[in-house]
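Next comes coords_24.cif, with mmCIF, C-alpha atoms.
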```
data_work
#
loop_
_atom_site.group_PDB
_atom_site.id
_atom_site.type_symbol
_atom_site.label_atom_id
_atom_site.label_comp_id
_atom_site.auth_asym_id
_atom_site.auth_seq_id
_atom_site.Cartn_x
_atom_site.Cartn_y
_atom_site.Cartn_z
ATOM 1 C CA MET A 1 -6.465 -9.151 2.669
ATOM 2 C CA GLU A 2 -9.176 -6.737 3.655
ATOM 3 C CA THR A 3 -8.160 -3.048 3.661
ATOM 4 C CA ARG A 4 -8.831 -2.596 7.367
ATOM 5 C CA ALA A 5 -6.792 -5.672 8.215
ATOM 6 C CA ARG A 6 -3.931 -4.495 5.990
ATOM 7 C CA SER A 7 -3.905 -1.099 7.694
ATOM 8 C CA HIS A 8 -3.772 -2.613 11.186
ATOM 9 C CA ALA A 9 -1.147 -5.146 10.123
ATOM 10 C CA ALA A 10 1.053 -2.376 8.716
ATOM 11 C CA GLU A 11 0.682 -0.472 11.982
ATOM 12 C CA ALA A 12 1.722 -3.574 13.933
ATOM 13 C CA ILE A 13 4.790 -4.100 11.758
ATOM 14 C CA ARG A 14 5.841 -0.461 12.107
ATOM 15 C CA ALA A 15 5.375 -0.730 15.879
ATOM 16 C CA ILE A 16 7.716 -3.742 15.917
ATOM 17 C CA GLY A 17 10.309 -1.675 14.106
ATOM 18 C CA GLU A 18 9.979 1.011 16.767
ATOM 19 C CA GLY A 19 10.044 -1.491 19.636
ATOM 20 C CA ASP A 20 6.492 -0.608 20.698
ATOM 21 C CA VAL A 21 5.239 -3.994 21.879
ATOM 22 C CA PRO A 22 1.830 -2.873 23.261
ATOM 23 C CA LEU A 23 0.919 -1.108 20.012
ATOM 24 C CA ALA A 24 2.125 -4.058 17.933
ATOM 25 C CA ARG A 25 -0.005 -6.505 19.914
ATOM 26 C CA THR A 26 -3.081 -4.311 19.820
ATOM 27 C CA SER A 27 -2.762 -3.613 16.108
ATOM 28 C CA ILE A 28 -2.170 -7.220 15.077
ATOM 29 C CA ALA A 29 -5.161 -8.319 17.190
ATOM 30 C CA GLN A 30 -7.309 -5.781 15.353
ATOM 31 C CA ALA A 31 -5.939 -7.014 12.023
ATOM 32 C CA TYR A 32 -6.757 -10.601 12.925
ATOM 33 C CA GLU A 33 -10.248 -9.605 13.998
ATOM 34 C CA ALA A 34 -10.783 -8.139 10.527
ATOM 35 C CA ASP A 35 -9.218 -11.067 8.640
ATOM 36 C CA HIS A 36 -8.635 -14.477 10.236
ATOM 37 C CA LYS A 37 -6.523 -15.620 7.278
ATOM 38 C CA ILE A 38 -3.458 -13.749 8.552
ATOM 39 C CA GLY A 39 -2.548 -16.283 11.233
ATOM 40 C CA PRO A 40 1.100 -16.700 10.153
ATOM 41 C CA LEU A 41 1.639 -12.926 10.298
ATOM 42 C CA VAL A 42 0.034 -12.794 13.738
ATOM 43 C CA ASP A 43 2.391 -15.519 14.945
ATOM 44 C CA SER A 44 5.459 -13.708 13.626
ATOM 45 C CA VAL A 45 4.395 -10.401 15.212
ATOM 46 C CA TYR A 46 3.876 -12.077 18.586
ATOM 47 C CA LEU A 47 7.264 -13.787 18.255
ATOM 48 C CA ALA A 48 8.876 -10.423 17.475
ATOM 49 C CA CYS A 49 7.179 -8.905 20.528
ATOM 50 C CA ALA A 50 8.565 -11.668 22.731
ATOM 51 C CA GLU A 51 12.056 -11.134 21.326
ATOM 52 C CA ILE A 52 11.868 -7.391 21.979
ATOM 53 C CA GLU A 53 10.767 -8.033 25.558
ATOM 54 C CA GLU A 54 13.501 -10.612 26.172
ATOM 55 C CA ASP A 55 16.435 -9.315 24.127
ATOM 56 C CA GLY A 56 15.527 -5.767 23.137
ATOM 57 C CA GLU A 57 15.582 -6.558 19.410
ATOM 58 C CA VAL A 58 14.069 -8.753 16.722
ATOM 59 C CA THR A 59 16.233 -11.453 15.161
ATOM 60 C CA THR A 60 16.899 -11.597 11.448
ATOM 61 C CA ALA A 61 15.149 -14.968 11.303
ATOM 62 C CA THR A 62 11.959 -13.490 12.760
ATOM 63 C CA TRP A 63 12.040 -10.553 10.330
ATOM 64 C CA ASP A 64 12.482 -13.074 7.498
ATOM 65 C CA THR A 65 9.539 -15.118 8.775
ATOM 66 C CA MET A 66 7.439 -11.977 8.990
ATOM 67 C CA ALA A 67 8.367 -11.035 5.418
ATOM 68 C CA ASP A 68 7.408 -14.537 4.247
ATOM 69 C CA SER A 69 4.042 -14.323 6.005
ATOM 70 C CA VAL A 70 2.751 -11.088 4.475
ATOM 71 C CA ALA A 71 0.180 -11.368 1.746
ATOM 72 C CA ASP A 72 1.246 -8.635 -0.650
ATOM 73 C CA SER A 73 4.034 -6.364 -1.825
ATOM 74 C CA GLU A 74 2.638 -3.378 0.082
ATOM 75 C CA LEU A 75 3.078 -5.111 3.427
ATOM 76 C CA LEU A 76 6.412 -6.572 2.344
ATOM 77 C CA ALA A 77 7.629 -3.014 1.815
ATOM 78 C CA VAL A 78 6.460 -2.123 5.328
ATOM 79 C CA VAL A 79 8.394 -5.075 6.756
ATOM 80 C CA GLU A 80 11.551 -4.133 4.880
ATOM 81 C CA ASP A 81 11.235 -0.503 5.968
ATOM 82 C CA ALA A 82 10.577 -1.411 9.614
ATOM 83 C CA ARG A 83 13.482 -3.822 9.865
ATOM 84 C CA GLY A 84 15.761 -0.904 8.954
#
```
Rewritten as structure tokens:
Amino acid sequence: METRARSHAAEAIRAIGEGDVPLARTSIAQAYEADHKIGPLVDSVYLACAEIEEDGEVTTATWDTMADSVADSELLAVVEDARG
């Protein structure tokens, strides 16, 4: 994954952990613009955003899907940190 895409993706994941849906959506869109290969991560971030809007939290299954969709250990660490 390109460095710029990784940086934006990490920001999106952290925003999910903080419940900041607008920042998560903006950041993951910027990540996707930089690297179109991250489609599964984009999908999981949008799913997490929808869950936050509907239920106020992200399900364990969605966090697991997000963890499975990241491309490297650096982003996996961000997911694990954000899920708290």
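Each of A:Thr3, A:Ser73, A:Lys37, A:Trp63 was checked against Cys49 (chain A) using all atoms listed in the file; the smallest atom-to-atom distance is that of A:Trp63.
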Next item on the list: Check which residues satisfy the PyMOL selection byres ((chain A and resi 8-23) around 7) in the file shown, then give them as a PyMOL selection string.
Entry: chain A and resi 4-7+24-28+30-31+48-49+52+75+78-79+82-83
Next item on the list: May I have the residues within 9 Å of Ala71 (chain A) as a PyMOL selection string, using all atoms listed in the file and disregarding those fewer than 5 positions away in the same chain?
Entry: chain A and resi 1+38+41+76
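Each of A:Asp55, A:Asp81, A:Glu33, A:Ser44 was checked against Asp68 (chain A) using only C-alpha atoms; the smallest atom-to-atom distance is that of A:Ser44.
Separating CA of Glu57 (chain A) from CA of Ser69 (chain A) is a distance of 19.3 Å.
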Notebook entry, point to check: For the atom pair CA of Ala34 (chain A) and CA of Glu2 (chain A), what is the interatomic distance in Å to one decimal place?
Noted result: 7.2 Å
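We find CA of Thr62 (chain A) and CA of Pro40 (chain A) to be spaced 11.6 Å apart.
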Report, as JSON, the axis-aligned box around all atoms of region 64-83 of chain A present in the file, extended by 8 Å on each side; give centre and edge lengths in Å to one decimal place.
```
{"center_x": 6.8, "center_y": -7.8, "center_z": 4.0, "size_x": 29.3, "size_y": 30.6, "size_z": 27.7}
```
Checklist line | A:Gly84, A:Asp72, A:Tyr32, A:Ala77 ranked by distance to Val45 (chain A), top pick (using all atoms listed in the file) | finding: A:Tyr32
